[in-house]
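Visitor: Handing you this structure, nothing more for now.
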Amino acid sequence: MDKQPKGSQMAEVGLKELLEAGVHFGHQTRRWDPRMARYIHGERDGIHIIDLIQTQELLSAAQEFGADIARRGGTVLFVGTKKQSRDAIEEWAERSGMPFVNQRWLGGLLTNFSTISKRIERLHELTALTQDGRLDLLPTKERMARQAELRKLEYNLGGVRDMKRLPQSVFIIDLKTEAIALREAERLRIPIIALVDTNCDPGPVNHVIPGNDDAIRSCELVIRTVGEAVSESAAAWRTAEQRRRDEEERKRAEEEERKRAEEEERKRAEEAAQAAAKQAEEAAKAEASQADADPATAASEAGDAAGTRPAPGAEGTTPEVEGSKGAVEAK
């Protein structure tokens with residue numbers, strides 16, 4: 001029974017659709033790999049017939065696996081350089097926003113990714129020069145050399161120009177053609193999803209999809225089925241990620257607004273405190289000035305009081321005192 005990933009409805013591929021696409025046709029019986037025996041239903045006219053019931057179940061499992069990686073923000077590298085799968089690989093990888101290789105597998109793309117990353121940076125650099133028009137300002141010989149370098153990098157690395165790190169899975173069409181990619185992914189223990197024909201060894205593949213890898217319709221059907229699941233999950237993840245970023249931006253703006261309001265409130269409080277302190281200082285200075293003026297006023301008032309009421313022993317009072325003494329003696 002097909003399993004559906006949470007939050008999305010994967011397209012179910014029926015046996016009739018698989019049959020019409022010719023997925024069931026294998027290679028000639030003399031060119032088979034015995035390790036594919038468990039996926040073979042029988043043979044007819046010297047050609048092995050693949051068991052489509054198993055293909056349907058395993059294709060559904062591969063769908064779910066790819067969708068689960070994309071749902072968690074992971075990367076699935078689409079690989080298919082043979083002409084039967086080249087266009088479909090590019091189409092569905094671009095729809096999913098995933099990296100792809102559909103022209104030539106550059107050796108070391110996975111196992112020597114640090115060096116490949118430098119070449120990808122060079123690709124971005126030359127692309128920027130072209131878009132800005134700065135490449136046209138160079139001397140003719142240098143411009144032509146850089147344009148040739150750009151074409152070569154675009155041919156080899158154009159599909160992985162946005163791949164910042166190793167993928168979480170590799171989706172391969174035709175293990176024979178993509179033998180180097182298979183070995184690199186196996187060496188790095190990157191999970192592999194693959195369309196496996198009867199002449200291939202399914203051992204290194206984590207999610208085997210038994211089927212015809214030589215017919216255009218067969219390749220397109222398998223790529224579309226896996227690609228749709230990856231695309232839907234990747235779109236859901238990007239939407240959720242954008243929503244999360246918007247929420248974080250909103251919270252950050254609110255936090256900045258709160259801090260700004262608090263800062264303004266603090267400044268207003270400081271200004272009010274400074275104004276109050278200045279007012280208190282001016283009041284204290286006024287009181288001090290008035291206190292300095294009060295002793296002179298008190299001295300003036302004391303002088304006026306002394307002129308109207310002489311103190312004891314003053315000159316005006318001596319005769320009266322002497323007269324009093326003479327009167328006493330006469331008596």
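Residues are named by chain letter and number: chains run A, B, ... in the order of the structure tokens, numbers start at 1 in each chain, and ligands are numbered from 1 in the order shown.
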Please list as a list in words every residue within 7 Å of stretch 74-81 of chain A, counting only C-alpha atoms and excluding residues in the same chain fewer than 5 positions away.
Guide: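 Here the qualifying residues turn out to be Ile69, Arg86, Ile89, Ala93, Met98, Pro99, Phe100, Val101, Asn102, Gln103, Arg104, Pro167, Gln168, Ser169, Val170, Phe171, Ile172 and Ile173 of chain A.
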Visitor: So which bits of stretch 25-108 of chain A end up strand (DSSP E) when you DSSP the backbone, as a PyMOL selection string?
Guide: chain A and resi 25-28+40-44+47-50+76-79+100-101
Visitor: Can you write just those residues out, N, CA and C atoms, as a tab-separated table (two decimals), in the first residue's frame?
Guide:
chain	number	residue	atom	x	y	z
A	25	PHE	N	9.82	-3.41	-19.42
A	25	PHE	CA	10.77	-4.05	-20.33
A	25	PHE	C	12.19	-3.96	-19.77
A	26	GLY	N	12.82	-5.14	-19.63
A	26	GLY	CA	14.20	-5.18	-19.20
A	26	GLY	C	15.13	-5.39	-20.38
A	27	HIS	N	16.34	-5.81	-20.10
A	27	HIS	CA	17.31	-6.08	-21.17
A	27	HIS	C	17.16	-7.52	-21.65
A	28	GLN	N	17.93	-7.87	-22.63
A	28	GLN	CA	17.95	-9.25	-23.11
A	28	GLN	C	18.43	-10.17	-21.99
A	40	ILE	N	12.48	-9.56	-11.20
A	40	ILE	CA	12.10	-9.99	-12.55
A	40	ILE	C	10.90	-10.94	-12.48
A	41	HIS	N	9.88	-10.62	-13.25
A	41	HIS	CA	8.67	-11.43	-13.27
A	41	HIS	C	8.83	-12.66	-14.17
A	42	GLY	N	9.52	-12.47	-15.28
A	42	GLY	CA	9.73	-13.58	-16.22
A	42	GLY	C	10.45	-13.07	-17.46
A	43	GLU	N	10.32	-13.82	-18.55
A	43	GLU	CA	10.96	-13.38	-19.80
A	43	GLU	C	10.05	-13.69	-20.97
A	44	ARG	N	10.18	-12.84	-21.99
A	44	ARG	CA	9.38	-13.06	-23.18
A	44	ARG	C	10.18	-12.62	-24.41
A	47	ILE	N	13.62	-11.35	-23.66
A	47	ILE	CA	13.75	-10.11	-22.88
A	47	ILE	C	13.12	-10.33	-21.51
A	48	HIS	N	13.82	-9.90	-20.48
A	48	HIS	CA	13.28	-10.02	-19.13
A	48	HIS	C	12.13	-9.04	-18.91
A	49	ILE	N	11.14	-9.49	-18.21
A	49	ILE	CA	9.99	-8.66	-17.87
A	49	ILE	C	10.06	-8.35	-16.36
A	50	ILE	N	10.04	-7.07	-16.06
A	50	ILE	CA	10.16	-6.62	-14.66
A	50	ILE	C	8.80	-6.72	-13.97
A	76	VAL	N	18.10	16.98	-2.73
A	76	VAL	CA	18.17	15.77	-3.55
A	76	VAL	C	18.86	16.14	-4.85
A	77	LEU	N	19.98	15.52	-5.15
A	77	LEU	CA	20.71	15.78	-6.38
A	77	LEU	C	20.19	14.88	-7.49
A	78	PHE	N	19.63	15.48	-8.55
A	78	PHE	CA	19.11	14.73	-9.68
A	78	PHE	C	20.25	14.48	-10.68
A	79	VAL	N	20.45	13.21	-11.07
A	79	VAL	CA	21.55	12.86	-11.97
A	79	VAL	C	21.02	12.00	-13.11
A	100	PHE	N	21.15	19.61	-10.13
A	100	PHE	CA	21.07	18.50	-11.07
A	100	PHE	C	22.32	18.45	-11.93
A	101	VAL	N	22.58	17.25	-12.48
A	101	VAL	CA	23.65	17.04	-13.45
A	101	VAL	C	23.03	16.30	-14.62
Visitor: Please list as an MDAnalysis selection string every residue within 10 Å of A:Glu149, counting only C-alpha atoms and excluding residues in the same chain fewer than 5 positions away.
Guide: chainID A and resid 122:123 126 143:144 154:155
Visitor: From the options A:Leu137, A:Ala291, A:Leu182, A:Ala272, which residue's atoms come nearest to A:Pro202, counting only C-alpha atoms?
Guide: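 Among A:Leu137, A:Ala291, A:Leu182, A:Ala272, it is A:Leu182 that comes nearest to A:Pro202.
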Visitor: Determine, for each residue of stretch 8-124 of chain A having at least one atom at most 10 Å from an atom of stretch 228-246 of chain A, the closest pair of atoms and their separation in Å to one decimal, counting only C-alpha atoms; order by chain and ascending number, as a tab-separated table.
Guide:
residue	atom	partner	partner_atom	distance
A:Ser8	CA	A:Glu232	CA	7.0
A:Gln9	CA	A:Ala229	CA	8.3
A:Met10	CA	A:Ala229	CA	5.7
A:Ala11	CA	A:Ala229	CA	7.5
A:Ser60	CA	A:Ala229	CA	9.7
A:Ala62	CA	A:Ala229	CA	9.4
A:Gln63	CA	A:Ala229	CA	5.8
A:Glu64	CA	A:Ala229	CA	7.3
A:Phe65	CA	A:Val230	CA	8.9
A:Gly66	CA	A:Val230	CA	5.6
A:Ala67	CA	A:Val230	CA	4.6
A:Asp68	CA	A:Ser233	CA	7.3
A:Ile69	CA	A:Val230	CA	8.0
A:Ala70	CA	A:Ala234	CA	4.8
A:Arg71	CA	A:Ser233	CA	4.7
A:Arg72	CA	A:Trp237	CA	6.8
A:Gly73	CA	A:Trp237	CA	6.2
A:Gly74	CA	A:Ala234	CA	8.4
A:Thr75	CA	A:Ala234	CA	9.0
A:Val76	CA	A:Val230	CA	8.1
A:Trp92	CA	A:Glu228	CA	7.5
A:Ala93	CA	A:Ser231	CA	8.2
A:Glu94	CA	A:Ser231	CA	9.0
A:Arg95	CA	A:Ser231	CA	6.3
A:Ser96	CA	A:Ser231	CA	4.0
A:Gly97	CA	A:Ser231	CA	7.4
A:Met98	CA	A:Ser231	CA	8.6
Visitor: Mind giving me the straight-line distance from atom CA of A:Pro210 to atom CA of A:Leu195 in Å, one decimal?
Guide: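 It comes out at 5.9 Å.
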Visitor: With distances taken over only C-alpha atoms, which of A:Asp45, A:Asp33, A:Asp292, A:Glu262 is nearest to A:Asn199?
Guide: A:Asp33
Visitor: Report, in Å to a single decimal, how far apart atom CA of A:Asn206 and atom CA of A:Ile192 are.
Guide: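 Interatomic distance here is 5.2 Å.
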Visitor: Which one of A:Lys152, A:Lys82, A:His207, A:Arg165 sits closest to A:Phe113 if you count only C-alpha atoms?
Guide: A:Arg165
Visitor: A:Leu19: which residues within 12 Å, counting only C-alpha atoms, same-chain residues fewer than 5 positions away excluded, as number ranges by chain?
Guide: A: 13-14, 24-25, 49-53, 55-56, 211-212, 217-218, 221
Visitor: Only C-alpha atoms, please: the residues just picked out, written as a PDB file, in the first residue's frame.
Guide:
ATOM      1  CA  VAL A  13       1.170   5.784 -10.317  1.00  0.00           C
ATOM      2  CA  GLY A  14      -0.966   2.848 -11.368  1.00  0.00           C
ATOM      3  CA  HIS A  24       8.353  -3.396 -17.451  1.00  0.00           C
ATOM      4  CA  PHE A  25      10.773  -4.047 -20.325  1.00  0.00           C
ATOM      5  CA  ILE A  49       9.986  -8.658 -17.867  1.00  0.00           C
ATOM      6  CA  ILE A  50      10.155  -6.623 -14.656  1.00  0.00           C
ATOM      7  CA  ASP A  51       7.597  -7.198 -11.908  1.00  0.00           C
ATOM      8  CA  LEU A  52       5.548  -3.984 -12.021  1.00  0.00           C
ATOM      9  CA  ILE A  53       3.814  -4.716  -8.718  1.00  0.00           C
ATOM     10  CA  THR A  55       8.043  -1.404  -9.109  1.00  0.00           C
ATOM     11  CA  GLN A  56       4.855   0.359  -8.023  1.00  0.00           C
ATOM     12  CA  GLY A 211      12.397  -0.428 -14.430  1.00  0.00           C
ATOM     13  CA  ASN A 212      13.430   0.285 -17.969  1.00  0.00           C
ATOM     14  CA  ARG A 217       8.660   7.535 -21.518  1.00  0.00           C
ATOM     15  CA  SER A 218       9.804   5.184 -18.776  1.00  0.00           C
ATOM     16  CA  LEU A 221       7.478   8.756 -15.743  1.00  0.00           C
TER      17      LEU A 221
END
Visitor: With DSSP run on the backbone, what are the helix (DSSP H, G or I) residues within stretch 53-255 of chain A? I'd like them as a ChimeraX atom specification.
Guide: /A:53-71,83-96,113-132,135-137,140-160,179-187,216-255
